[in-house]
Every structure is written in structure tokens, then in C-alpha cells.
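Visitor: Provided herewith: data-v6.pdb, PDB, C-alpha atoms.
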```pdb
MODEL        1
ATOM      1  CA  MET A 182      17.877  29.373  18.303
ATOM      2  CA  THR A 183      14.525  27.773  17.791
ATOM      3  CA  VAL A 184      13.881  24.077  18.136
ATOM      4  CA  GLU A 185      11.217  22.481  16.000
ATOM      5  CA  THR A 186       9.437  19.714  17.821
ATOM      6  CA  GLY A 187       6.320  17.594  17.567
ATOM      7  CA  ASN A 188       4.988  14.058  17.676
ATOM      8  CA  LEU A 189       4.821  11.929  14.560
ATOM      9  CA  PHE A 190       1.629  10.228  15.673
ATOM     10  CA  ALA A 191      -0.299  13.374  16.565
ATOM     11  CA  ASP A 192      -3.649  13.730  14.801
ATOM     12  CA  VAL A 193      -3.111  10.534  12.834
ATOM     13  CA  SER A 194      -6.747   9.511  13.105
ATOM     14  CA  ALA A 195      -7.722  12.497  10.973
ATOM     15  CA  ALA A 196      -6.400  10.655   7.914
ATOM     16  CA  ASN A 197      -9.390   8.566   6.984
ATOM     17  CA  ALA A 198     -11.012  11.251   4.879
ATOM     18  CA  GLY A 199     -10.324  10.078   1.338
ATOM     19  CA  GLU A 200      -7.041  11.870   0.713
ATOM     20  CA  GLU A 201      -3.552  11.100   1.886
ATOM     21  CA  ILE A 202      -2.198  13.716   4.289
ATOM     22  CA  PHE A 203       1.261  15.200   3.733
ATOM     23  CA  SER A 204       2.930  17.166   6.541
ATOM     24  CA  GLU A 205       6.291  18.829   6.151
ATOM     25  CA  LEU A 206       8.293  18.372   9.349
ATOM     26  CA  LEU A 207      11.513  20.012   8.227
ATOM     27  CA  ALA A 208      12.608  21.629   4.983
ATOM     28  CA  ARG A 209      16.097  22.801   4.093
ATOM     29  CA  PRO A 210      17.850  23.290   0.763
ATOM     30  CA  GLY A 211      18.202  19.815  -0.712
ATOM     31  CA  LEU A 212      16.354  18.085   2.138
ATOM     32  CA  LYS A 213      12.752  17.568   3.186
ATOM     33  CA  ILE A 214      11.448  15.464   6.065
ATOM     34  CA  GLU A 215       7.802  14.623   5.607
ATOM     35  CA  ARG A 216       5.063  12.621   7.293
ATOM     36  CA  ILE A 217       2.559  10.898   5.049
ATOM     37  CA  ILE A 218      -0.631   9.281   6.299
ATOM     38  CA  SER A 219      -2.450   6.826   4.055
ATOM     39  CA  GLN A 220      -5.509   4.750   4.682
ATOM     40  CA  GLY A 221      -6.469   2.595   1.731
ATOM     41  CA  GLN A 222      -5.131   4.967  -0.937
ATOM     42  CA  VAL A 223      -2.999   3.489  -3.716
ATOM     43  CA  SER A 224      -1.248   4.843  -6.794
ATOM     44  CA  PRO A 225      -3.592   5.102  -9.769
ATOM     45  CA  PRO A 226      -3.529   2.042 -12.061
ATOM     46  CA  GLU A 227      -0.516   1.921 -14.391
ATOM     47  CA  VAL A 228       0.955   5.065 -12.810
ATOM     48  CA  TRP A 229       4.627   4.863 -11.821
ATOM     49  CA  TYR A 230       6.335   7.483  -9.680
ATOM     50  CA  ASP A 231       9.622   8.588 -11.182
ATOM     51  CA  GLN A 232      11.062  11.120  -8.773
ATOM     52  CA  PRO A 233      14.011  13.420  -9.432
ATOM     53  CA  TRP A 234      14.970  13.229  -5.730
ATOM     54  CA  ASN A 235      16.144  10.345  -3.588
ATOM     55  CA  GLU A 236      13.716   9.105  -0.952
ATOM     56  CA  TRP A 237      14.406   7.098   2.188
ATOM     57  CA  VAL A 238      11.098   6.040   3.667
ATOM     58  CA  ILE A 239      10.018   4.070   6.724
ATOM     59  CA  VAL A 240       6.584   2.796   7.745
ATOM     60  CA  LEU A 241       5.898   3.393  11.444
ATOM     61  CA  ASN A 242       2.261   2.382  11.746
ATOM     62  CA  GLY A 243      -0.011   0.322   9.528
ATOM     63  CA  ASN A 244       0.991  -1.647   6.452
ATOM     64  CA  ALA A 245       1.691  -0.985   2.797
ATOM     65  CA  THR A 246       2.903  -2.695  -0.361
ATOM     66  CA  LEU A 247       5.369  -1.098  -2.750
ATOM     67  CA  GLN A 248       6.015  -2.252  -6.282
ATOM     68  CA  PHE A 249       9.196  -1.401  -8.176
ATOM     69  CA  GLU A 250       8.962  -1.588 -11.936
ATOM     70  CA  ASP A 251      12.214  -3.525 -12.243
ATOM     71  CA  GLU A 252      11.401  -6.112  -9.558
ATOM     72  CA  PRO A 253       8.975  -8.996 -10.048
ATOM     73  CA  ALA A 254       8.005  -9.242  -6.374
ATOM     74  CA  LYS A 255       6.117  -6.616  -4.413
ATOM     75  CA  ARG A 256       7.544  -5.402  -1.128
ATOM     76  CA  ARG A 257       5.333  -5.544   1.932
ATOM     77  CA  LEU A 258       6.172  -2.862   4.506
ATOM     78  CA  SER A 259       5.162  -3.166   8.163
ATOM     79  CA  PRO A 260       6.135  -0.991  11.147
ATOM     80  CA  GLY A 261       9.872  -0.391  11.215
ATOM     81  CA  ASP A 262      10.446  -1.450   7.600
ATOM     82  CA  TYR A 263      12.435   1.074   5.600
ATOM     83  CA  VAL A 264      13.470   1.257   1.991
ATOM     84  CA  PHE A 265      15.710   3.551   0.001
ATOM     85  CA  ILE A 266      14.274   4.654  -3.332
ATOM     86  CA  PRO A 267      16.987   6.236  -5.472
ATOM     87  CA  ALA A 268      16.016   9.088  -7.774
ATOM     88  CA  GLY A 269      14.604   7.722 -10.991
ATOM     89  CA  LYS A 270      13.682   4.297  -9.628
ATOM     90  CA  ARG A 271      10.146   3.809 -10.858
ATOM     91  CA  HIS A 272       7.759   2.600  -8.193
ATOM     92  CA  ARG A 273       4.144   2.649  -7.123
ATOM     93  CA  VAL A 274       2.195   2.209  -3.921
ATOM     94  CA  GLU A 275       0.262  -0.958  -4.649
ATOM     95  CA  TRP A 276      -1.689  -1.143  -1.397
ATOM     96  CA  THR A 277      -2.149   0.591   1.940
ATOM     97  CA  ASP A 278      -4.076  -0.862   4.851
ATOM     98  CA  PRO A 279      -7.716   0.285   4.677
ATOM     99  CA  GLN A 280      -8.355  -0.664   8.316
ATOM    100  CA  GLN A 281      -5.881   1.667  10.019
ATOM    101  CA  PRO A 282      -3.715   4.680   9.225
ATOM    102  CA  THR A 283      -0.366   3.906   7.645
ATOM    103  CA  VAL A 284       2.182   6.437   8.903
ATOM    104  CA  TRP A 285       5.209   6.992   6.667
ATOM    105  CA  LEU A 286       8.251   9.067   7.520
ATOM    106  CA  ALA A 287       9.975  10.119   4.304
ATOM    107  CA  ILE A 288      13.381  11.759   3.915
ATOM    108  CA  HIS A 289      13.662  13.365   0.498
ATOM    109  CA  PHE A 290      17.092  14.559  -0.586
ATOM    110  CA  GLU A 291      19.044  15.555  -3.672
TER     111      GLU A 291
ATOM    112  CA  MET B 110      19.771  -0.172  -9.073
ATOM    113  CA  THR B 111      20.063  -1.544  -5.569
ATOM    114  CA  VAL B 112      17.542  -0.843  -2.862
ATOM    115  CA  GLU B 113      18.681  -0.678   0.722
ATOM    116  CA  THR B 114      16.101  -2.084   3.086
ATOM    117  CA  GLY B 115      15.745  -3.264   6.654
ATOM    118  CA  ASN B 116      13.692  -2.975   9.808
ATOM    119  CA  LEU B 117      14.408  -0.307  12.385
ATOM    120  CA  PHE B 118      13.449  -2.575  15.258
ATOM    121  CA  ALA B 119      15.530  -5.568  14.202
ATOM    122  CA  ASP B 120      17.953  -6.820  16.873
ATOM    123  CA  VAL B 121      16.952  -4.058  19.262
ATOM    124  CA  SER B 122      17.151  -6.292  22.298
ATOM    125  CA  ALA B 123      20.901  -6.633  21.787
ATOM    126  CA  ALA B 124      21.331  -3.126  23.138
ATOM    127  CA  ASN B 125      21.460  -3.778  26.842
ATOM    128  CA  ALA B 126      25.175  -4.464  26.904
ATOM    129  CA  GLY B 127      26.591  -1.326  28.437
ATOM    130  CA  GLU B 128      27.251   0.671  25.303
ATOM    131  CA  GLU B 129      24.913   2.532  23.011
ATOM    132  CA  ILE B 130      24.647   0.956  19.561
ATOM    133  CA  PHE B 131      25.004   3.110  16.452
ATOM    134  CA  SER B 132      23.942   1.722  13.067
ATOM    135  CA  GLU B 133      24.335   3.664   9.852
ATOM    136  CA  LEU B 134      21.267   3.095   7.676
ATOM    137  CA  LEU B 135      22.197   5.405   4.823
ATOM    138  CA  ALA B 136      25.159   7.675   4.166
ATOM    139  CA  ARG B 137      25.524  10.167   1.351
ATOM    140  CA  PRO B 138      27.602  13.339   1.014
ATOM    141  CA  GLY B 139      26.133  15.765   3.545
ATOM    142  CA  LEU B 140      23.589  13.296   4.913
ATOM    143  CA  LYS B 141      23.598  10.370   7.322
ATOM    144  CA  ILE B 142      20.602   8.379   8.559
ATOM    145  CA  GLU B 143      21.418   6.510  11.736
ATOM    146  CA  ARG B 144      19.734   4.283  14.285
ATOM    147  CA  ILE B 145      20.820   4.676  17.903
ATOM    148  CA  ILE B 146      19.815   2.279  20.667
ATOM    149  CA  SER B 147      20.216   3.393  24.275
ATOM    150  CA  GLN B 148      19.301   1.651  27.477
ATOM    151  CA  GLY B 149      20.138   3.690  30.558
ATOM    152  CA  GLN B 150      23.150   5.485  29.041
ATOM    153  CA  VAL B 151      23.409   9.243  29.535
ATOM    154  CA  SER B 152      25.887  11.936  28.552
ATOM    155  CA  PRO B 153      28.771  12.197  31.012
ATOM    156  CA  PRO B 154      28.229  14.824  33.745
ATOM    157  CA  GLU B 155      28.873  18.387  32.592
ATOM    158  CA  VAL B 156      29.478  17.233  29.026
ATOM    159  CA  TRP B 157      27.607  19.123  26.302
ATOM    160  CA  TYR B 158      27.418  17.957  22.703
ATOM    161  CA  ASP B 159      28.221  20.752  20.277
ATOM    162  CA  GLN B 160      27.857  19.264  16.806
ATOM    163  CA  PRO B 161      28.984  20.861  13.538
ATOM    164  CA  TRP B 162      26.069  19.168  11.719
ATOM    165  CA  ASN B 163      22.329  19.607  12.057
ATOM    166  CA  GLU B 164      20.418  16.724  13.590
ATOM    167  CA  TRP B 165      16.733  15.863  13.309
ATOM    168  CA  VAL B 166      15.985  13.059  15.732
ATOM    169  CA  ILE B 167      12.899  11.055  16.673
ATOM    170  CA  VAL B 168      12.348   8.543  19.470
ATOM    171  CA  LEU B 169      10.436   5.468  18.251
ATOM    172  CA  ASN B 170      10.632   3.193  21.272
ATOM    173  CA  GLY B 171      11.412   3.822  24.931
ATOM    174  CA  ASN B 172      11.868   7.186  26.594
ATOM    175  CA  ALA B 173      14.595   9.788  26.988
ATOM    176  CA  THR B 174      15.236  13.246  28.363
ATOM    177  CA  LEU B 175      17.200  15.898  26.501
ATOM    178  CA  GLN B 176      18.635  19.020  28.041
ATOM    179  CA  PHE B 177      19.548  22.089  26.003
ATOM    180  CA  GLU B 178      22.060  24.419  27.597
ATOM    181  CA  ASP B 179      20.009  27.493  26.738
ATOM    182  CA  GLU B 180      16.693  26.143  28.041
ATOM    183  CA  PRO B 181      15.783  25.870  31.719
ATOM    184  CA  ALA B 182      13.413  22.926  31.260
ATOM    185  CA  LYS B 183      14.398  19.465  30.135
ATOM    186  CA  ARG B 184      12.562  17.866  27.230
ATOM    187  CA  ARG B 185      11.043  14.447  27.757
ATOM    188  CA  LEU B 186      10.849  12.383  24.560
ATOM    189  CA  SER B 187       8.471   9.438  24.149
ATOM    190  CA  PRO B 188       7.631   7.382  21.037
ATOM    191  CA  GLY B 189       6.887   9.657  18.090
ATOM    192  CA  ASP B 190       8.454  12.756  19.657
ATOM    193  CA  TYR B 191      10.921  14.488  17.372
ATOM    194  CA  VAL B 192      13.198  17.458  17.818
ATOM    195  CA  PHE B 193      15.440  19.427  15.504
ATOM    196  CA  ILE B 194      18.865  20.219  16.928
ATOM    197  CA  PRO B 195      20.583  22.856  14.803
ATOM    198  CA  ALA B 196      24.354  22.675  14.423
ATOM    199  CA  GLY B 197      26.034  24.296  17.395
ATOM    200  CA  LYS B 198      23.065  24.009  19.763
ATOM    201  CA  ARG B 199      24.611  22.618  22.919
ATOM    202  CA  HIS B 200      22.696  19.707  24.386
ATOM    203  CA  ARG B 201      23.053  16.552  26.425
ATOM    204  CA  VAL B 202      21.154  13.334  26.918
ATOM    205  CA  GLU B 203      20.090  13.642  30.520
ATOM    206  CA  TRP B 204      18.335  10.279  30.837
ATOM    207  CA  THR B 205      17.367   7.199  28.859
ATOM    208  CA  ASP B 206      14.992   4.534  30.082
ATOM    209  CA  PRO B 207      16.942   1.776  31.864
ATOM    210  CA  GLN B 208      14.027  -0.669  31.647
ATOM    211  CA  GLN B 209      13.712  -0.938  27.858
ATOM    212  CA  PRO B 210      15.641  -0.032  24.717
ATOM    213  CA  THR B 211      15.213   3.516  23.504
ATOM    214  CA  VAL B 212      15.316   3.525  19.700
ATOM    215  CA  TRP B 213      16.314   6.815  18.056
ATOM    216  CA  LEU B 214      16.246   7.565  14.362
ATOM    217  CA  ALA B 215      18.621  10.436  13.623
ATOM    218  CA  ILE B 216      18.991  12.385  10.393
ATOM    219  CA  HIS B 217      22.318  14.229  10.358
ATOM    220  CA  PHE B 218      22.850  16.805   7.653
ATOM    221  CA  GLU B 219      25.032  19.746   6.748
TER     222      GLU B 219
ENDMDL
END
```
Could the structure of this file be written out as C-alpha cells, please?
Guide:
Amino acid sequence: MTVETGNLFADVSAANAGEEIFSELLARPGLKIERIISQGQVSPPEVWYDQPWNEWVIVLNGNATLQFEDEPAKRRLSPGDYVFIPAGKRHRVEWTDPQQPTVWLAIHFE
Amino acid sequence: MTVETGNLFADVSAANAGEEIFSELLARPGLKIERIISQGQVSPPEVWYDQPWNEWVIVLNGNATLQFEDEPAKRRLSPGDYVFIPAGKRHRVEWTDPQQPTVWLAIHFE
């Protein structure tokens, strides 16, 4: 049997090129484990993500701010902070640190 | 809708009390996200874990060594290192750092 291995922080410095970088670490029916690297990118103005899948996400480097449509306060995420975003919960990425890569580990599931 | 949040590194220093600490961060049918804190604990001699569920696991603090029964070399895991352990792949935790907490984030799924 094969074993899929790697390091979450490998090649992180390559992120600062204008686009967020999405890397699939594991994909199975109904489950995807993904690394996302942001550096200064945010959701477009007035755009809310409304995902059909659940997402459990943790920030492991950098800093970000999430906004949920049904919450008045924004949520600041620093290393180690995790949040569960149920399917259909409208949210946007309000801010990501422009000074360093923000490394997210996201578990998407049905 | 509720949002489940926390910090993976909260209360990590409480680990050095003889037993590993297991904290369930999210549980859904067919999926469990768990934090494990080790400090010096290892699998008992000659004991192999043979799990009916798949496990994707990442070390985010500390250091550990995994041994797979069907691989001659041990695998050293340091922060950011992840490994996928398919169901039924016999393995053991050969070593965890006795000098600091080793923080694992494990995704168990069917």
C-alpha cells in the first residue's frame, strides 16, 4: 500500500505571486484535504461564499480575518485557530496578512 | 447555525502528565477530527495499530517517529510533516519527543 506524505510548509514562499495557491493533499469520495496559501488576497467586495460542502479550516501560519454574513463581528484567525463552516453558511475572507504567507489547512466534506 | 472554533495549541503544556491527551475537535458520521498531544509516549513493544478507519495525520509541534510494519525504515515526523495511513496499514509510534509536546492533528475517516 502506498503512503502519501509531504510537508505542509514546503514551498510556501512561492505564494506571493498575486494568486492564492491551492494544493490538494488528499481526495476521497466525500472528502478533500487541501492546503491554501494566501498573501494579501481577499474575497471580492460584496462576494459571499456559499458552499455546498462543510469546511473545517485551520490557520497554521500568518493571519486572516473571516466574516460570516450572520455575525456582526469579524473573526481574526492566527496560527492554531480553527473554525467549522457548515455547508451553506455564507462567509467571506475579509483580510489576509500581506506581509507573510497565510497557510490554511482545509478539510472539505459532505 | 453554530460555528465550532478553538485553537489547536491551547492548553498544550498540560500534556506532560504521563498519558497522551486526545481531544475531539469535530465528529460527524464517517469523520472525526482529533488533536493528540504526546510527550515521550510510544506504542507498547511489539504492538502494531491496525485501524479499520483511514487516518491522515500531521505533526504541528514537536517530533515523532512512525514505523510501518511493511517498511524497513522508520519515518521521522517534524512540524508540517503529514502522512496518510490507510485502513489496515499496520504501524506503531516508535518515538515521541520527551522534551516538548508533540501536537498531532488527525483526520479519521471511513
Visitor: Can you list, as a PyMOL selection string, the residues that the ChimeraX specification (/B :<8) & /A selects here?
Guide: chain A and resi 182+184-190+260-267+270
Visitor: Go ahead and write the residues just picked, C-alpha atoms, as a compact mmCIF listing (two decimals), in the frame of the given file.
Guide:
```txt
# COMPACT_ATOMS: atom_id res chain seq x y z
CA MET A 182 17.88 29.37 18.30
CA VAL A 184 13.88 24.08 18.14
CA GLU A 185 11.22 22.48 16.00
CA THR A 186 9.44 19.71 17.82
CA GLY A 187 6.32 17.59 17.57
CA ASN A 188 4.99 14.06 17.68
CA LEU A 189 4.82 11.93 14.56
CA PHE A 190 1.63 10.23 15.67
CA PRO A 260 6.14 -0.99 11.15
CA GLY A 261 9.87 -0.39 11.22
CA ASP A 262 10.45 -1.45 7.60
CA TYR A 263 12.44 1.07 5.60
CA VAL A 264 13.47 1.26 1.99
CA PHE A 265 15.71 3.55 0.00
CA ILE A 266 14.27 4.65 -3.33
CA PRO A 267 16.99 6.24 -5.47
CA LYS A 270 13.68 4.30 -9.63
```
Visitor: Name the closest residue to Val223 (chain A) among the candidates A:Asn235, A:Thr277, A:Ser204, A:Asn242; distances are taken between atoms, counting all atoms listed in the file.
Guide: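 Nearest candidate to Val223 (chain A) out of A:Asn235, A:Thr277, A:Ser204, A:Asn242: A:Thr277.
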Visitor: Between B:Ala196, B:Ala173, B:Ile130, B:Ile145, which is the closest to Pro161 (chain B) once you count all atoms listed in the file?
Guide: B:Ala196
Visitor: Using all atoms of region 205-219 of chain B that appear in the file, construct an axis-aligned enclosing box with 6 Å of padding on every side and provide its centre coordinates and edge lengths in Å, rounded to one decimal, as AutoDock Vina command-line options.
Guide:
```
--center_x 19.4 --center_y 9.4 --center_z 19.3 --size_x 23.3 --size_y 32.7 --size_z 37.1
```
Visitor: Output the coordinates of chain A after least-squares fitting to chain B on all in-order C-alpha pairs, as a tab-separated table (two decimals) with C-alpha atoms, in the coordinates of the input.
Guide:
```tsv
chain	number	residue	atom	x	y	z
A	182	MET	CA	19.79	-0.16	-9.06
A	183	THR	CA	20.04	-1.52	-5.58
A	184	VAL	CA	17.51	-0.86	-2.87
A	185	GLU	CA	18.66	-0.70	0.71
A	186	THR	CA	16.09	-2.09	3.07
A	187	GLY	CA	15.75	-3.27	6.65
A	188	ASN	CA	13.68	-2.98	9.80
A	189	LEU	CA	14.41	-0.32	12.38
A	190	PHE	CA	13.44	-2.58	15.25
A	191	ALA	CA	15.53	-5.58	14.21
A	192	ASP	CA	17.94	-6.82	16.87
A	193	VAL	CA	16.97	-4.05	19.26
A	194	SER	CA	17.16	-6.31	22.29
A	195	ALA	CA	20.91	-6.66	21.77
A	196	ALA	CA	21.35	-3.13	23.13
A	197	ASN	CA	21.45	-3.80	26.83
A	198	ALA	CA	25.16	-4.49	26.93
A	199	GLY	CA	26.57	-1.32	28.46
A	200	GLU	CA	27.24	0.66	25.30
A	201	GLU	CA	24.90	2.53	23.02
A	202	ILE	CA	24.64	0.96	19.57
A	203	PHE	CA	25.00	3.12	16.46
A	204	SER	CA	23.93	1.72	13.08
A	205	GLU	CA	24.33	3.65	9.86
A	206	LEU	CA	21.26	3.09	7.68
A	207	LEU	CA	22.18	5.40	4.83
A	208	ALA	CA	25.15	7.66	4.17
A	209	ARG	CA	25.52	10.17	1.36
A	210	PRO	CA	27.59	13.33	1.02
A	211	GLY	CA	26.15	15.76	3.54
A	212	LEU	CA	23.59	13.29	4.92
A	213	LYS	CA	23.59	10.37	7.33
A	214	ILE	CA	20.61	8.38	8.57
A	215	GLU	CA	21.42	6.52	11.74
A	216	ARG	CA	19.73	4.30	14.31
A	217	ILE	CA	20.83	4.68	17.90
A	218	ILE	CA	19.83	2.30	20.67
A	219	SER	CA	20.23	3.40	24.28
A	220	GLN	CA	19.30	1.67	27.48
A	221	GLY	CA	20.13	3.70	30.55
A	222	GLN	CA	23.15	5.48	29.04
A	223	VAL	CA	23.41	9.24	29.53
A	224	SER	CA	25.90	11.93	28.54
A	225	PRO	CA	28.78	12.18	31.00
A	226	PRO	CA	28.25	14.80	33.74
A	227	GLU	CA	28.86	18.38	32.59
A	228	VAL	CA	29.48	17.23	29.00
A	229	TRP	CA	27.59	19.13	26.30
A	230	TYR	CA	27.41	17.97	22.70
A	231	ASP	CA	28.20	20.76	20.28
A	232	GLN	CA	27.85	19.27	16.83
A	233	PRO	CA	28.98	20.86	13.57
A	234	TRP	CA	26.06	19.18	11.75
A	235	ASN	CA	22.32	19.62	12.07
A	236	GLU	CA	20.41	16.72	13.60
A	237	TRP	CA	16.73	15.87	13.33
A	238	VAL	CA	15.98	13.06	15.74
A	239	ILE	CA	12.90	11.06	16.68
A	240	VAL	CA	12.36	8.54	19.47
A	241	LEU	CA	10.45	5.47	18.26
A	242	ASN	CA	10.64	3.19	21.27
A	243	GLY	CA	11.42	3.82	24.92
A	244	ASN	CA	11.88	7.19	26.59
A	245	ALA	CA	14.60	9.79	26.97
A	246	THR	CA	15.24	13.26	28.35
A	247	LEU	CA	17.21	15.90	26.48
A	248	GLN	CA	18.64	19.03	28.03
A	249	PHE	CA	19.56	22.09	25.98
A	250	GLU	CA	22.05	24.43	27.58
A	251	ASP	CA	20.00	27.52	26.73
A	252	GLU	CA	16.68	26.16	28.02
A	253	PRO	CA	15.78	25.87	31.70
A	254	ALA	CA	13.40	22.92	31.23
A	255	LYS	CA	14.40	19.45	30.13
A	256	ARG	CA	12.57	17.85	27.23
A	257	ARG	CA	11.05	14.43	27.75
A	258	LEU	CA	10.86	12.38	24.55
A	259	SER	CA	8.48	9.44	24.15
A	260	PRO	CA	7.63	7.39	21.04
A	261	GLY	CA	6.89	9.65	18.10
A	262	ASP	CA	8.46	12.75	19.65
A	263	TYR	CA	10.94	14.49	17.37
A	264	VAL	CA	13.20	17.45	17.81
A	265	PHE	CA	15.44	19.43	15.51
A	266	ILE	CA	18.86	20.22	16.93
A	267	PRO	CA	20.59	22.87	14.82
A	268	ALA	CA	24.35	22.69	14.43
A	269	GLY	CA	26.03	24.30	17.40
A	270	LYS	CA	23.07	24.02	19.76
A	271	ARG	CA	24.61	22.61	22.91
A	272	HIS	CA	22.69	19.71	24.37
A	273	ARG	CA	23.06	16.56	26.42
A	274	VAL	CA	21.16	13.33	26.91
A	275	GLU	CA	20.09	13.63	30.52
A	276	TRP	CA	18.33	10.28	30.82
A	277	THR	CA	17.37	7.19	28.85
A	278	ASP	CA	14.99	4.53	30.08
A	279	PRO	CA	16.94	1.78	31.86
A	280	GLN	CA	14.03	-0.67	31.64
A	281	GLN	CA	13.71	-0.93	27.86
A	282	PRO	CA	15.65	-0.03	24.72
A	283	THR	CA	15.21	3.52	23.50
A	284	VAL	CA	15.32	3.52	19.70
A	285	TRP	CA	16.32	6.81	18.07
A	286	LEU	CA	16.25	7.57	14.37
A	287	ALA	CA	18.63	10.44	13.64
A	288	ILE	CA	19.00	12.40	10.41
A	289	HIS	CA	22.32	14.22	10.37
A	290	PHE	CA	22.85	16.81	7.65
A	291	GLU	CA	25.04	19.77	6.76
```
Visitor: Name the residues captured by the PyMOL selection byres ((chain A and resi 201) around 10) when it is applied to the shown file; answer as a list in words.
Guide: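 On the file shown, the PyMOL selection byres ((chain A and resi 201) around 10) covers Ala196, Asn197, Ala198, Gly199, Glu200, Ile202, Phe203, Ile217, Ile218, Ser219, Gln220, Gly221, Gln222, Val223, Pro282 and Thr283 of chain A.
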Visitor: Could you tell me which of B:Pro154, B:Pro138, B:Pro181, B:Gly171 comes closest to Val202 (chain B) if we count all atoms listed in the file?
Guide: B:Pro154
Visitor: I'd like the interatomic distance between CA of Arg185 (chain B) and CA of Glu164 (chain B), to a tenth of an Å.
Guide: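 Computed distance, CA of Arg185 (chain B) to CA of Glu164 (chain B), equals 17.1 Å.
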Visitor: Give me, please, the distance in Å between CA of Val121 (chain B) and CA of Gln209 (chain B), quoted to one decimal.
Guide: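 Computing it gives 9.7 Å between the two atoms.
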Visitor: Starting from the PyMOL selection byres ((chain B and resi 159) around 6), expand the selection into actual residues of this file and give them as a list of chain:residue names.
Guide: B:Tyr158, B:Gln160, B:Gly197, B:Arg199
Visitor: Would you be able to write out as a ChimeraX atom specification which residues have an atom within 6 Å of (7.8, 10.1, 6.0) in the file's coordinates, counting all atoms listed in the file?
Guide: /A:215-217,238,285-287
